[in-house]
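A short write-up of the structure that comes next.
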Amino acid sequence: MTENVVVTVKGLKKSYGAVQALKGVDFEIRAGEVMALLGENGSGKSTLVKILSGLVARDDGTIQVGGDASELATPAQSREAGIATVTQEFSLIPQLTAAENVFLGSGLSGPWMQSRLQRLAAPYLEAVGLEEARRRRPVESLSVGERQLIEVARVLARDARILIFDEPTAALSDVEIARVLDLVRRLVGEGRSVVYVTHRLGEVFEIADRATVMRDGRSQAPVAVADLDVDSLITMMLGRELETIYPERAKELGEPVLRVAGLEAPGVIEPVDLTVRRGEIVGLAGQLGSGAGKLLEAIAGVHPPDAGQVEVDGRPLPGGTRGRAIKAGLAYCSPDRKEDGIFEFRSVIDNLTAPSLKAVTPYGWFSPGASRRMAAGIADQFQIKAGKLEATAGALSGGNQQKVALGKWIGIGPKVLMVEEPTRGVDVGARAEIYAHLRLLAEEGLGVVFASSDLAEVAGLADTVMTFYRGRVVRSSPAAALAQDDLMADVTHGGTVAA
Amino acid sequence: MIGAKAQGEVESAPTRGRFSPSAWQPSQEMVILLGMLILLVVVSALTTDGYFNSGNAKAIIRAAAITGTVAVGLTFVTLSGNLLSLSVEQTAAICGVLLAMMLRDGWPAGIALLVILGVAVVIGTVQGGLVAAGANPIIVTLGAGATIAGLTVVISGGHGIAIGHNSLDWLGSSKVFGLTMPTCAFIAVAILSSVFLTRTRQGRALMLTGSSRSTAIASGLHVRRIAVLAFVLASIGCAIVAALTVSQFHRADGIQFGGLTFDALAAILVGGTAIQGGEGSPARTAIGAIFIAALSDFMILHNYSFGLRMTVQGAVVLVAVTVFHLLRKRRRGR
Amino acid sequence: MSVVRSQLKQWSADRDSQARLALLAVVWIFFTILDSSFASSDIVFSVLQSFAFLALITAGIGVTMIAGELDLSVASVAAVAGILAVKMAGLGMVPAIVAAALIAGAFGAVQGACIAWLRINSIVFTIGTLFAMRGVANLLTNSKSVLLPLNDLDFSEGLIERIWIFSPYTFVTIAVCLVLGIGLAIGKWGREIYAIGGARPESEAAGVAQKRPLIVAFAISAFTAGLAGALSAVVAGSGSSEAFESVLLQAVTAALVGGIGLYGGRGRMFNIVVGCLILESFLAGMIDQGVSQEVQQLATGGLLLLVVAVEFLTGFESEDGERSGLPPALRGGFGLLDRRSVNGPLRADGNQEVGS
């Protein structure tokens, strides 16, 4: 194989405050190859991608593109270097057609007549495999998979030579996944390079030439995929320094407090049964698109489930609305606390007492004393370091913000606490505290369910684990009985190869 | 409550009384606003003879009273994240016309007032309901305003309604502590609204909803009911103003509140309430209204033409809006 | 010209446009049933005369709505332009009108630049300018009316001289709408306006300029308002600071009837024009039936609410089971109207931005 390396990264370092996301990473990719980039949460792979895309500045290390040293300090520079990233966060305008979106922001001169745009965009849309009939429709009427194709067409129109696909198939159907893989093959056939970031090992074996595995902020030397199998790949991915930050598991479990039977919802392909008992912490392990998070949303009433029953404390929960769920004692925290977990511009006190307004407004009249007491109590419990409780929630660190997002539910005396990604964007210290308090809450009699893509977290914190892959439950087992590589195999491959 | 283990070092001040200082910490905007007002007063005093007699101060507040009362009510709509209502002048007009007709026909004042209060509540509920269901507030209130205006003329037959002395005269002519009724109503409404916003459950829920609607929904707040409440409160402000005006001038016609909507909006904007919701207060709106009235007073005393006064008012709104916007951005670190 | 023809063909073939044209026909048929003499060239002429003014204003405010904003100052700008045109009559009528419109357009560009640069909400900003411009109008006229010199009144009459069902005024309007419509449809600046209106954060991610389309949109709305104000003032023979107070409601109604989405990123000039025709025909029909002006206003308001209801019931998908079409936390200060693509974008997962 000729060694025409197009991108070389050496000794890349990046720290966010006290945390080192990249501890000296090497990376390379050749022309005409698909390089899979693998790694768990916290491995640093998303930071690496961001640096290559020019979204984040590196602290140290060198980058060479096409043999020349490159700065890649801004997205524009990254584009100029021929690098393009296709992420989950789309940049398509829903009301415009595919052809229009391909050229948007590209500075195309001349009249932007639909017919002309269609003609000019045709080679790129052809290259990504978007059917002709679909090209004239507004993008909002196309499927997620088709929209992704248009994103790729757009970067092709800007002559990207190195494409980074970030979890491209997480939300796609089988047919659409096949299309994406075809597309990738075609792209490299033209001499381009593709960095394929994924957690789905099956796809790695289908499409990638080599694989770089990242672990704990460091990269391992790239390995030819032909020389690997699933087990060896899993072994390479495992082995993160196991932090002893998880509290002991429950010794005794109480009565079931949450019972879910036959639940179906968008993103949850097969009906799911789930039981949570008092004192139990159930961990749902799954990556993006696995359905774990969607399951929680459906139970919480964020999106009404398509089918199935939910029972809290033996009493059935009617109709999937949030209000009813909360009333029944189901507290839910979404993975995006900035969006709907905290009131960014209100004080910590206001945040912590928001779901419990009734309790701090006896007879409808607000009692600052009661409010402060409740907030102080919760802050104590969760070790929220907020200086003064009047501080604006948005000014807190990520960890403290997350504690606010979680802690605010204490006031309503919940029966079940459901969280998606409980420690996203939270440093190790705060994580340990959050785990400790989740365990405490369980001991006090709550049932706790959390969905997480961080496998170590699931394995360490939960009493019972359910693993998800592509919308289905793979297995359900007491955490003690589950080995790390079983977990990994489940969420990346739907089960052990040898099964 | 779940047992608390005393861990960590959270500073929680000992519980203070209801009116602890921390509860009344003025915001940056309030400080600026009061500062500007004081500055204006000082400049006015220095450049005008005889500025400082209590008559002038009362006159300013009286001038601000009608607009200010409506603006304070309207502030709830903005604070709750529902932008604004463009139908306040028409709401006031229809309440005024109905009130005048009832008084002319000899209805007891109490009943008449209750009726227009009910009408205001209905108007607010309908608009609030549409907005709560998802419609855009500007469009809804624009359409509602025109509809109400049309209804007003249909009801009144197209001409003004003059009324003689009636059971509501006291509202138009009495004075309390030497202050006219509109002034009293303005002060009372401003105080009550502030208290409502900060001290009642609904008020606090309203503020949270404006701060982040999605988080409010996630926390189990009834954001739709809050939208309805906000519009109802705005309408009630209009009804109050209608009663005050009709009782004072003994007449009602469909156009006597022309310009009120934008005047009220100007007061809100000068008061520094954020159009996005979640930041601001009825008290600031009241001061905004007073500021505009004081400015107007100053300009009249200095013989500024109507055109110049309006231009200056527009410029003040622009400056206020810009300054508060930039201030907010800096505070939020964006 | 072939560009024009192909665009017109494309527009009228669109289903939305056809539905609106059908609605227009229904309005006419309805009122003709009530009064057989309704469908006469006289009535059509007068409809087009009122339409001429409304369409210019609506076209402008519609462009800002497509961009996801709202220009509330159009009425005041029109008034100022009208006064300016009359005052500049000495330059010759056509130069005066054009100059007034251009001045208005320049003002609009400045306004758009301020809004873009400050990243401020356009409603809030244009409330300020609507006051300021109204004040300027009063300043310019000393709160009286300014009158057109007598010998220019011939021109005024010439503007509304009847040519079959049209007049020079309506020709100007049609020409301006045509140019705007084509520009919007095939110009890069047009697409940019749709982009920032349809999905502003996505447009930024796609690399679309964020300031330029705003400046263009507000320049257009002020220009067309200025043109409309200037023409109307000349036709009336006087410029007044009180003019055009009620134009906002009509323009917004016409824009909505014309299919400007409540949430930005949608709408075409052709449909705006048809929307204005529908509204004006509706009003003409009511006048013909002897309905009073107040009931007309009532009906216009009711029509607006009806359109809202229909658009709401047919188009809007809720995100979380709650029909929440309310304005979002206006991130970045742009945008007044909610933008929500039906299938929202997926968010990247697993980002460990520690310490953020």
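Here's how to read the names in the structure tokens: chain A, B, ... by the order shown, residue numbers from 1 in each chain, ligand numbers from 1 in the order shown.
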- Message: Could you list, as a list of chain:residue names, every residue within 10 Å of Leu114 of chain B, counting only C-alpha atoms and ignoring same-chain residues fewer than 6 positions away?
- Response: B:Leu99, B:Ala120, B:Ala239
- Leaving out Leu86 of chain B and any residue of its chain fewer than 5 positions from it, which residues lie within 9 Å of it when counting only C-alpha atoms, given as a list in words?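 In the requested format, the answer is Pro137, Ile138, Ile139, Val140, Thr141, Leu142, Gly143, Ala144, Gly145, Thr261, Phe262 and Leu265 of chain B.
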With C-alpha atoms retained, could you export that selection as a PDB file, in the first residue's frame?
```
ATOM      1  CA  PRO B 137     -49.087  36.543  19.838  1.00  0.00           C
ATOM      2  CA  ILE B 138     -48.500  39.456  17.511  1.00  0.00           C
ATOM      3  CA  ILE B 139     -50.780  38.130  14.870  1.00  0.00           C
ATOM      4  CA  VAL B 140     -53.450  37.042  17.326  1.00  0.00           C
ATOM      5  CA  THR B 141     -53.580  40.341  19.126  1.00  0.00           C
ATOM      6  CA  LEU B 142     -53.419  42.297  15.904  1.00  0.00           C
ATOM      7  CA  GLY B 143     -56.446  40.464  14.608  1.00  0.00           C
ATOM      8  CA  ALA B 144     -58.219  40.497  17.935  1.00  0.00           C
ATOM      9  CA  GLY B 145     -57.655  44.214  18.216  1.00  0.00           C
ATOM     10  CA  THR B 261     -50.807  50.471  22.633  1.00  0.00           C
ATOM     11  CA  PHE B 262     -47.557  51.850  21.414  1.00  0.00           C
ATOM     12  CA  LEU B 265     -45.044  49.351  24.728  1.00  0.00           C
TER      13      LEU B 265
END
```
- Using only C-alpha atoms, which of the listed residues (C:Pro213, C:Gly198, C:Gly237, C:Gly301) sits closest to Gly112 of chain C?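 Checking each candidate against Gly112 of chain C, we get C:Pro213 as the closest.
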- Would you please give, as a PyMOL selection string, all residues of segment 75-289 of chain B that DSSP assigns to alpha helix (DSSP H) based on the backbone? chain B and resi 75-79+88-104+109-132+137-156+169-173+181-199+201-211+213-218+223-249+260-270+282-289
Give me the chain B side of the contact with chain C, cut-off 8 Å, one line per residue showing its nearest atom pair and distance in Å at one decimal, counting only C-alpha atoms, sorted by chain and residue number, as CSV.
```
residue,atom,partner,partner_atom,distance
B:Gly81,CA,C:Pro327,CA,7.1
B:Asn82,CA,C:Leu326,CA,6.6
B:Leu83,CA,C:Pro327,CA,7.4
B:Val131,CA,C:Leu326,CA,7.2
B:Ala132,CA,C:Ser324,CA,7.0
B:Ala133,CA,C:Arg323,CA,5.5
B:Gly134,CA,C:Gly325,CA,4.0
B:Ala135,CA,C:Gly325,CA,5.8
B:Asn136,CA,C:Leu326,CA,6.2
B:Pro137,CA,C:Leu326,CA,7.6
B:Ile139,CA,C:Leu304,CA,7.6
B:Val140,CA,C:Leu305,CA,6.3
B:Leu142,CA,C:Leu249,CA,6.5
B:Gly143,CA,C:Gly301,CA,4.1
B:Ala144,CA,C:Gly301,CA,6.1
B:Gly145,CA,C:Gly301,CA,7.2
B:Ala146,CA,C:Gly301,CA,4.7
B:Thr147,CA,C:Leu298,CA,4.1
B:Ile148,CA,C:Leu298,CA,7.0
B:Ala149,CA,C:Leu298,CA,6.7
B:Gly150,CA,C:Leu298,CA,4.2
B:Leu151,CA,C:Leu298,CA,6.7
B:Val153,CA,C:Glu294,CA,6.2
B:Val154,CA,C:Val295,CA,7.2
B:Ser211,CA,C:Ala329,CA,7.7
B:Ser212,CA,C:Ala329,CA,6.5
B:Arg213,CA,C:Ala329,CA,7.6
B:Phe262,CA,C:Ile127,CA,7.6
B:Ala266,CA,C:Ile127,CA,7.5
B:Leu269,CA,C:Val124,CA,7.6
B:Ile275,CA,C:Val124,CA,7.3
B:Gln276,CA,C:Ala329,CA,6.0
B:Gly277,CA,C:Ala329,CA,7.8
B:Ser305,CA,C:Leu139,CA,7.5
B:Phe306,CA,C:Asn138,CA,6.9
B:Gly307,CA,C:Asn138,CA,4.1
B:Leu308,CA,C:Leu139,CA,5.8
B:Arg309,CA,C:Gly135,CA,6.9
B:Met310,CA,C:Gly135,CA,4.3
B:Thr311,CA,C:Gly135,CA,4.0
B:Val312,CA,C:Ala132,CA,6.8
B:Gln313,CA,C:Ala132,CA,6.8
B:Gly314,CA,C:Ala132,CA,3.9
B:Ala315,CA,C:Ala132,CA,5.9
B:Val316,CA,C:Gly128,CA,7.8
B:Val317,CA,C:Gly128,CA,5.1
B:Leu318,CA,C:Gly128,CA,4.8
B:Val321,CA,C:Phe125,CA,7.0
B:Thr322,CA,C:Ile120,CA,7.6
B:His325,CA,C:Ile120,CA,7.1
B:Leu326,CA,C:Leu118,CA,7.8
```
Next, write the just-selected residues to a file, as a compact mmCIF listing (two decimals), in the first residue's frame, keeping N, CA and C atoms as the atom set.
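So out.txt came out as:
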```txt
# COMPACT_ATOMS: atom_id res chain seq x y z
N GLY B 81 -42.99 35.62 28.37
CA GLY B 81 -42.42 35.08 27.15
C GLY B 81 -43.37 35.11 25.97
N ASN B 82 -44.46 35.84 26.12
CA ASN B 82 -45.44 35.90 25.04
C ASN B 82 -45.36 37.19 24.24
N LEU B 83 -44.20 37.77 24.19
CA LEU B 83 -43.93 38.97 23.41
C LEU B 83 -44.75 40.17 23.86
N VAL B 131 -52.99 31.95 21.97
CA VAL B 131 -51.53 31.96 22.05
C VAL B 131 -51.04 30.69 22.74
N ALA B 132 -51.74 30.29 23.79
CA ALA B 132 -51.35 29.07 24.50
C ALA B 132 -51.43 27.88 23.57
N ALA B 133 -52.38 27.90 22.66
CA ALA B 133 -52.52 26.78 21.73
C ALA B 133 -51.46 26.80 20.66
N GLY B 134 -50.69 27.87 20.61
CA GLY B 134 -49.57 27.85 19.68
C GLY B 134 -49.53 28.96 18.67
N ALA B 135 -50.53 29.83 18.64
CA ALA B 135 -50.51 30.88 17.64
C ALA B 135 -49.57 32.01 18.05
N ASN B 136 -49.12 32.74 17.06
CA ASN B 136 -48.18 33.82 17.31
C ASN B 136 -48.89 35.00 17.97
N PRO B 137 -48.37 35.50 19.09
CA PRO B 137 -49.09 36.54 19.84
C PRO B 137 -49.31 37.83 19.05
N ILE B 139 -49.72 38.28 15.85
CA ILE B 139 -50.78 38.13 14.87
C ILE B 139 -52.13 38.01 15.57
N VAL B 140 -52.18 37.23 16.62
CA VAL B 140 -53.45 37.04 17.33
C VAL B 140 -53.96 38.37 17.86
N LEU B 142 -53.14 41.36 16.99
CA LEU B 142 -53.42 42.30 15.90
C LEU B 142 -54.83 42.05 15.38
N GLY B 143 -55.13 40.80 15.11
CA GLY B 143 -56.45 40.46 14.61
C GLY B 143 -57.53 40.70 15.64
N ALA B 144 -57.22 40.30 16.88
CA ALA B 144 -58.22 40.50 17.94
C ALA B 144 -58.51 41.98 18.11
N GLY B 145 -57.47 42.78 18.06
CA GLY B 145 -57.65 44.21 18.22
C GLY B 145 -58.60 44.78 17.17
N ALA B 146 -58.39 44.39 15.94
CA ALA B 146 -59.27 44.90 14.89
C ALA B 146 -60.70 44.41 15.09
N THR B 147 -60.81 43.17 15.46
CA THR B 147 -62.15 42.61 15.69
C THR B 147 -62.85 43.37 16.80
N ILE B 148 -62.11 43.59 17.90
CA ILE B 148 -62.72 44.30 19.02
C ILE B 148 -63.10 45.72 18.62
N ALA B 149 -62.23 46.37 17.83
CA ALA B 149 -62.54 47.73 17.41
C ALA B 149 -63.82 47.76 16.60
N GLY B 150 -63.93 46.79 15.72
CA GLY B 150 -65.15 46.73 14.94
C GLY B 150 -66.38 46.52 15.82
N LEU B 151 -66.24 45.60 16.77
CA LEU B 151 -67.36 45.33 17.68
C LEU B 151 -67.74 46.58 18.45
N VAL B 153 -67.55 49.67 17.60
CA VAL B 153 -68.36 50.61 16.83
C VAL B 153 -69.74 50.06 16.58
N VAL B 154 -69.82 48.78 16.36
CA VAL B 154 -71.14 48.19 16.17
C VAL B 154 -72.00 48.42 17.41
N SER B 211 -38.59 32.83 31.55
CA SER B 211 -37.15 32.64 31.58
C SER B 211 -36.72 31.50 30.67
N SER B 212 -37.42 30.39 30.73
CA SER B 212 -37.12 29.31 29.81
C SER B 212 -38.35 28.43 29.70
N ARG B 213 -39.03 28.55 28.60
CA ARG B 213 -40.29 27.85 28.47
C ARG B 213 -40.08 26.35 28.54
N PHE B 262 -48.98 51.62 21.59
CA PHE B 262 -47.56 51.85 21.41
C PHE B 262 -46.95 52.68 22.54
N ALA B 266 -43.83 51.45 24.63
CA ALA B 266 -42.65 52.29 24.84
C ALA B 266 -42.27 52.29 26.31
N LEU B 269 -40.53 49.13 27.17
CA LEU B 269 -39.18 49.04 26.61
C LEU B 269 -38.22 49.98 27.33
N ILE B 275 -37.78 41.63 25.88
CA ILE B 275 -38.88 41.15 25.05
C ILE B 275 -38.90 39.62 25.03
N GLN B 276 -37.76 39.02 25.32
CA GLN B 276 -37.74 37.55 25.32
C GLN B 276 -38.48 36.97 26.52
N GLY B 277 -38.65 37.78 27.53
CA GLY B 277 -39.34 37.27 28.71
C GLY B 277 -38.37 36.88 29.80
N SER B 305 -41.64 71.33 19.85
CA SER B 305 -42.84 71.04 19.07
C SER B 305 -43.24 69.58 19.25
N PHE B 306 -44.48 69.31 18.86
CA PHE B 306 -44.98 67.94 18.98
C PHE B 306 -44.08 66.97 18.22
N GLY B 307 -43.70 67.37 17.02
CA GLY B 307 -42.86 66.50 16.20
C GLY B 307 -41.54 66.20 16.88
N LEU B 308 -40.95 67.23 17.43
CA LEU B 308 -39.66 67.02 18.09
C LEU B 308 -39.82 66.13 19.31
N ARG B 309 -40.88 66.34 20.04
CA ARG B 309 -41.11 65.52 21.24
C ARG B 309 -41.23 64.06 20.87
N MET B 310 -42.00 63.82 19.79
CA MET B 310 -42.19 62.43 19.42
C MET B 310 -40.88 61.83 18.90
N THR B 311 -40.12 62.62 18.17
CA THR B 311 -38.84 62.11 17.68
C THR B 311 -37.94 61.77 18.85
N VAL B 312 -37.90 62.65 19.83
CA VAL B 312 -37.06 62.39 20.99
C VAL B 312 -37.53 61.14 21.72
N GLN B 313 -38.84 61.01 21.84
CA GLN B 313 -39.35 59.82 22.52
C GLN B 313 -38.91 58.56 21.77
N GLY B 314 -39.02 58.60 20.46
CA GLY B 314 -38.58 57.45 19.67
C GLY B 314 -37.10 57.18 19.89
N ALA B 315 -36.33 58.24 19.90
CA ALA B 315 -34.89 58.07 20.11
C ALA B 315 -34.62 57.48 21.48
N VAL B 316 -35.36 57.93 22.47
CA VAL B 316 -35.17 57.39 23.82
C VAL B 316 -35.47 55.90 23.84
N VAL B 317 -36.54 55.51 23.19
CA VAL B 317 -36.86 54.08 23.14
C VAL B 317 -35.71 53.31 22.48
N LEU B 318 -35.23 53.84 21.36
CA LEU B 318 -34.15 53.15 20.66
C LEU B 318 -32.92 53.01 21.55
N VAL B 321 -33.59 50.56 24.45
CA VAL B 321 -33.62 49.18 23.98
C VAL B 321 -32.21 48.68 23.69
N THR B 322 -31.43 49.51 23.04
CA THR B 322 -30.07 49.11 22.70
C THR B 322 -29.21 48.93 23.94
N HIS B 325 -30.21 45.94 25.94
CA HIS B 325 -29.87 44.73 25.20
C HIS B 325 -28.38 44.42 25.35
N LEU B 326 -27.54 45.44 25.18
CA LEU B 326 -26.11 45.21 25.29
C LEU B 326 -25.73 44.83 26.72
```
- Item | Atom pair atom CA of Ile61 of chain B / atom CA of Thr183 of chain B: separation (Å) |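 Separation between atom CA of Ile61 of chain B and atom CA of Thr183 of chain B: 6.4 Å.
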Select from chain A every residue with an atom at most 8 Å from any atom of chain C, then for each give the shortest pair of atoms and their distance in Å to one decimal, using only C-alpha atoms, rows by chain and rising number, as a Markdown table.
```
| residue | atom | partner | partner_atom | distance |
| --- | --- | --- | --- | --- |
| A:Tyr16 | CA | C:Val354 | CA | 6.1 |
| A:Gly17 | CA | C:Gly355 | CA | 6.3 |
| A:Ala18 | CA | C:Gly355 | CA | 7.8 |
| A:Val19 | CA | C:Val354 | CA | 6.9 |
| A:Asn41 | CA | C:Gly350 | CA | 6.3 |
| A:Gly42 | CA | C:Gln352 | CA | 6.3 |
| A:Ser46 | CA | C:Asn351 | CA | 6.5 |
| A:Thr87 | CA | C:Ala348 | CA | 7.0 |
| A:Gln88 | CA | C:Ala348 | CA | 5.2 |
| A:Glu89 | CA | C:Arg347 | CA | 5.2 |
| A:Phe90 | CA | C:Pro345 | CA | 6.1 |
| A:Ser91 | CA | C:Glu202 | CA | 4.2 |
| A:Leu92 | CA | C:Glu202 | CA | 5.9 |
| A:Ile93 | CA | C:Ala199 | CA | 5.6 |
| A:Pro94 | CA | C:Ser341 | CA | 6.1 |
| A:Gln95 | CA | C:Gly198 | CA | 6.6 |
| A:Leu96 | CA | C:Ala195 | CA | 7.9 |
| A:Leu104 | CA | C:Val208 | CA | 6.5 |
| A:Gly105 | CA | C:Val208 | CA | 4.2 |
| A:Ser106 | CA | C:Gly207 | CA | 7.3 |
| A:Leu108 | CA | C:Lys188 | CA | 7.8 |
| A:Ser109 | CA | C:Lys188 | CA | 7.4 |
| A:Gly110 | CA | C:Gly187 | CA | 7.8 |
| A:Pro111 | CA | C:Ile186 | CA | 5.1 |
| A:Trp112 | CA | C:Ile186 | CA | 4.2 |
| A:Met113 | CA | C:Ile186 | CA | 4.8 |
| A:Gln114 | CA | C:Ile186 | CA | 7.6 |
| A:Glu140 | CA | C:Val342 | CA | 6.7 |
| A:Leu288 | CA | C:Asp349 | CA | 6.2 |
| A:Val302 | CA | C:Asp320 | CA | 5.9 |
| A:His303 | CA | C:Asp320 | CA | 5.9 |
| A:Pro304 | CA | C:Gly321 | CA | 7.4 |
| A:Thr321 | CA | C:Gly321 | CA | 7.6 |
| A:Ser397 | CA | C:Gly355 | CA | 6.4 |
| A:Gly398 | CA | C:Ser356 | CA | 5.8 |
| A:Gly399 | CA | C:Gly355 | CA | 7.7 |
| A:Arg424 | CA | C:Gln352 | CA | 6.1 |
| A:Gly425 | CA | C:Val354 | CA | 4.7 |
| A:Val426 | CA | C:Val354 | CA | 5.7 |
| A:Asp427 | CA | C:Val354 | CA | 5.8 |
| A:Ser453 | CA | C:Gly350 | CA | 7.0 |
```
- Task: Would you give me, as JSON, numbers by chain, the residues of chain A that come within 8 Å of chain B, using only C-alpha atoms?
- Result: {"A": [322, 323, 326, 332, 333, 339, 340, 341, 342, 343, 344, 345, 346, 354, 355, 357, 358, 361, 364, 365, 366, 367, 368, 369, 372, 373, 376, 377, 378, 379, 380, 381, 383, 384, 385, 386, 387, 388, 389, 410, 411, 413, 444]}
Could you dump the residues just selected with C-alpha atoms as a short mmCIF file (atom, residue, chain, number, x, y, z; two decimals), in the first residue's frame?
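Output saved as selection-v4.cif:
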```cif
data_model
loop_
_atom_site.label_atom_id
_atom_site.label_comp_id
_atom_site.auth_asym_id
_atom_site.auth_seq_id
_atom_site.Cartn_x
_atom_site.Cartn_y
_atom_site.Cartn_z
CA ARG A 322 -45.43 15.15 31.37
CA GLY A 323 -47.79 16.72 33.83
CA ILE A 326 -44.74 14.34 37.40
CA TYR A 332 -37.21 13.12 34.47
CA CYS A 333 -34.04 14.94 33.49
CA GLU A 339 -32.17 23.46 27.07
CA ASP A 340 -34.61 22.31 29.71
CA GLY A 341 -32.74 21.27 32.80
CA ILE A 342 -32.02 24.61 34.37
CA PHE A 343 -33.23 28.16 34.24
CA GLU A 344 -29.96 29.63 33.13
CA PHE A 345 -30.66 33.16 34.22
CA ARG A 346 -32.47 32.54 37.46
CA ALA A 354 -39.25 25.39 40.50
CA PRO A 355 -41.00 22.01 40.39
CA LEU A 357 -43.72 25.87 43.77
CA LYS A 358 -46.72 24.62 45.68
CA THR A 361 -46.08 29.06 48.30
CA GLY A 364 -50.45 30.76 47.06
CA TRP A 365 -48.25 33.19 48.94
CA PHE A 366 -44.54 32.92 48.38
CA SER A 367 -42.42 32.32 51.40
CA PRO A 368 -38.81 33.30 50.85
CA GLY A 369 -37.93 31.45 54.02
CA ARG A 372 -34.45 29.23 50.88
CA ARG A 373 -34.75 26.36 53.32
CA ALA A 376 -30.37 25.10 51.05
CA GLY A 377 -31.40 21.62 52.01
CA ILE A 378 -31.10 20.32 48.48
CA ALA A 379 -27.85 22.16 47.93
CA ASP A 380 -26.47 20.58 51.07
CA GLN A 381 -27.62 17.18 50.02
CA GLN A 383 -23.10 19.40 47.62
CA ILE A 384 -23.91 22.16 45.19
CA LYS A 385 -21.18 24.68 45.55
CA ALA A 386 -22.91 27.84 44.63
CA GLY A 387 -21.29 30.37 46.86
CA LYS A 388 -24.46 32.20 47.57
CA LEU A 389 -27.69 30.56 46.65
CA ILE A 410 -36.15 16.34 45.47
CA GLY A 411 -38.69 18.91 46.46
CA GLY A 413 -40.76 13.86 46.79
CA GLU A 444 -34.01 6.52 50.80
#
```
- Please measure the separation of atom CA of Phe155 of chain C and atom CA of Gly239 of chain C, giving the value in Å to one decimal.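 Taking atom CA of Phe155 of chain C as the start and atom CA of Gly239 of chain C as the end point, the length is 15.2 Å.
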- Figure out the distance between atom CA of Leu46 of chain B and atom CA of Gly272 of chain B, please, to one decimal in Å. 26.8 Å
